[in-house]
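Trainee: So that we are looking at the same thing, I have put the structure below in structure tokens.
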Amino acid sequence: MLTGLSIIFSPIHIAFLEMIIDPVCSLVFEAEKEEKDIMSRRPRAVTSHLFTSGLVLWSLLQGVLAFAAVAVLYLLALRRGMPAEDVRALTFVSLVLANLGLVLGNRSFDSSVRGALRWDNHALWRVSAVAGVLLGTALAWARDLFRFGPLHADDLAVAFGAAIGLVVVLEILKRFWRGWLTA
């Protein structure tokens with residue numbers, strides 16, 4: 001609204017996102033196995049804050065980078081002259097994939113994406129599979145309901161590339177931020 005650009009998401013898009021975010025928070029992160037060194041870590045001081053400034057800043061950084069990735073795709077799609085329905089579909093797919101990428105990156109503060117891709121959290125893969133099926137259904141059969149235009153293979157590749165790029169950048173930054181995250 002501040003930029004004068006049209007609003008692309010409606011309540012159904014937000015509800016769809018909640019169908020992914022809520023199960024991730026309640027099922028996936030709760031099913032996550034403890035890290036190997038959990039028993040060798042010093043306990044958190046009783047006087048320490050639950051949310052450290054490093055953790056809050058890390059969360060804000062992740063949100064800003066995810067927003068930037070999705071916003072850049074949105075603006076590039078507009079600049080390419082894509083129809084509004086196609087822009088909406090591309091932006092929405094990018095947002096869903098960015099959220100799933102954030103989940104992968106936040107499974108552990110100590111391991112890498114390779115470690116996050118391990119198969120020991122079945123809830124993660126089930127929620128991701130359901131999200132993929134629902135997203136595919138929205139793109140293929142419920143386009144009128146979501147007001148989506150058709151996406152082509154190159155559009156999907158760009159959306160996946162942006163999500164992968166986001167995860168890679170965050171993993172690189174996590175190495176420098178790790179001391180603040182685990183303190």
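Following the order of the structure tokens, first chain is A, next is B, and so on, with residues numbered from 1 inside each chain and ligands from 1 in the order they appear.
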Excluding region 148-151 of chain A and its own-chain neighbours fewer than 5 positions away, which residues fall within 8 Å of it when counting only C-alpha atoms? Please give them as a list in words.
Mentor: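 Contacts, with the query itself left out: Pro83, Ala84, Glu85, Asp86, Val87, Arg88, Ala89, Leu90, Leu139, Arg143 and Leu156 of chain A.
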Trainee: Convert the current residue selection to file output with N, CA, C and O atoms, as a PDB file, in the first residue's frame.
Mentor:
```pdb
ATOM      1  N   PRO A  83       1.082 -10.896 -16.502  1.00  0.00           N
ATOM      2  CA  PRO A  83      -0.272 -10.577 -16.054  1.00  0.00           C
ATOM      3  C   PRO A  83      -0.371 -10.693 -14.522  1.00  0.00           C
ATOM      4  O   PRO A  83       0.364 -11.461 -13.892  1.00  0.00           O
ATOM      5  N   ALA A  84      -1.275  -9.942 -13.934  1.00  0.00           N
ATOM      6  CA  ALA A  84      -1.412  -9.893 -12.471  1.00  0.00           C
ATOM      7  C   ALA A  84      -1.640 -11.283 -11.867  1.00  0.00           C
ATOM      8  O   ALA A  84      -1.101 -11.590 -10.801  1.00  0.00           O
ATOM      9  N   GLU A  85      -2.403 -12.138 -12.556  1.00  0.00           N
ATOM     10  CA  GLU A  85      -2.672 -13.481 -12.032  1.00  0.00           C
ATOM     11  C   GLU A  85      -1.402 -14.330 -12.009  1.00  0.00           C
ATOM     12  O   GLU A  85      -1.182 -15.109 -11.088  1.00  0.00           O
ATOM     13  N   ASP A  86      -0.558 -14.165 -13.021  1.00  0.00           N
ATOM     14  CA  ASP A  86       0.709 -14.900 -13.062  1.00  0.00           C
ATOM     15  C   ASP A  86       1.660 -14.393 -11.980  1.00  0.00           C
ATOM     16  O   ASP A  86       2.346 -15.179 -11.320  1.00  0.00           O
ATOM     17  N   VAL A  87       1.687 -13.082 -11.798  1.00  0.00           N
ATOM     18  CA  VAL A  87       2.526 -12.488 -10.752  1.00  0.00           C
ATOM     19  C   VAL A  87       2.082 -12.997  -9.384  1.00  0.00           C
ATOM     20  O   VAL A  87       2.908 -13.349  -8.540  1.00  0.00           O
ATOM     21  N   ARG A  88       0.788 -13.045  -9.169  1.00  0.00           N
ATOM     22  CA  ARG A  88       0.244 -13.533  -7.891  1.00  0.00           C
ATOM     23  C   ARG A  88       0.673 -14.981  -7.653  1.00  0.00           C
ATOM     24  O   ARG A  88       1.118 -15.340  -6.565  1.00  0.00           O
ATOM     25  N   ALA A  89       0.551 -15.817  -8.663  1.00  0.00           N
ATOM     26  CA  ALA A  89       0.930 -17.229  -8.521  1.00  0.00           C
ATOM     27  C   ALA A  89       2.418 -17.370  -8.249  1.00  0.00           C
ATOM     28  O   ALA A  89       2.824 -18.108  -7.339  1.00  0.00           O
ATOM     29  N   LEU A  90       3.247 -16.664  -8.994  1.00  0.00           N
ATOM     30  CA  LEU A  90       4.688 -16.742  -8.804  1.00  0.00           C
ATOM     31  C   LEU A  90       5.085 -16.258  -7.415  1.00  0.00           C
ATOM     32  O   LEU A  90       5.884 -16.892  -6.726  1.00  0.00           O
ATOM     33  N   LEU A 139      -2.556 -24.519  -7.890  1.00  0.00           N
ATOM     34  CA  LEU A 139      -2.048 -24.044  -9.180  1.00  0.00           C
ATOM     35  C   LEU A 139      -2.741 -24.707 -10.367  1.00  0.00           C
ATOM     36  O   LEU A 139      -2.917 -24.098 -11.415  1.00  0.00           O
ATOM     37  N   ARG A 143      -7.282 -22.575  -9.583  1.00  0.00           N
ATOM     38  CA  ARG A 143      -6.723 -21.287 -10.010  1.00  0.00           C
ATOM     39  C   ARG A 143      -7.735 -20.160  -9.912  1.00  0.00           C
ATOM     40  O   ARG A 143      -7.387 -19.038  -9.559  1.00  0.00           O
ATOM     41  N   LEU A 156       8.587 -21.695 -12.140  1.00  0.00           N
ATOM     42  CA  LEU A 156       8.780 -22.563 -10.973  1.00  0.00           C
ATOM     43  C   LEU A 156      10.262 -22.700 -10.645  1.00  0.00           C
ATOM     44  O   LEU A 156      10.642 -22.719  -9.462  1.00  0.00           O
TER      45      LEU A 156
END
```
Trainee: Running DSSP on the backbone, which parts of chain A land in helix (DSSP H, G or I), as a PyMOL selection string?
Mentor: chain A and resi 11-31+38-40+53-79+84-105+113-116+122-140+143-146+153-182
Trainee: Report the distance between CA of Trp125 (chain A) and CA of Ser59 (chain A) in Å, rounded to one decimal place.
Mentor: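 Separating CA of Trp125 (chain A) from CA of Ser59 (chain A) is a distance of 23.0 Å.
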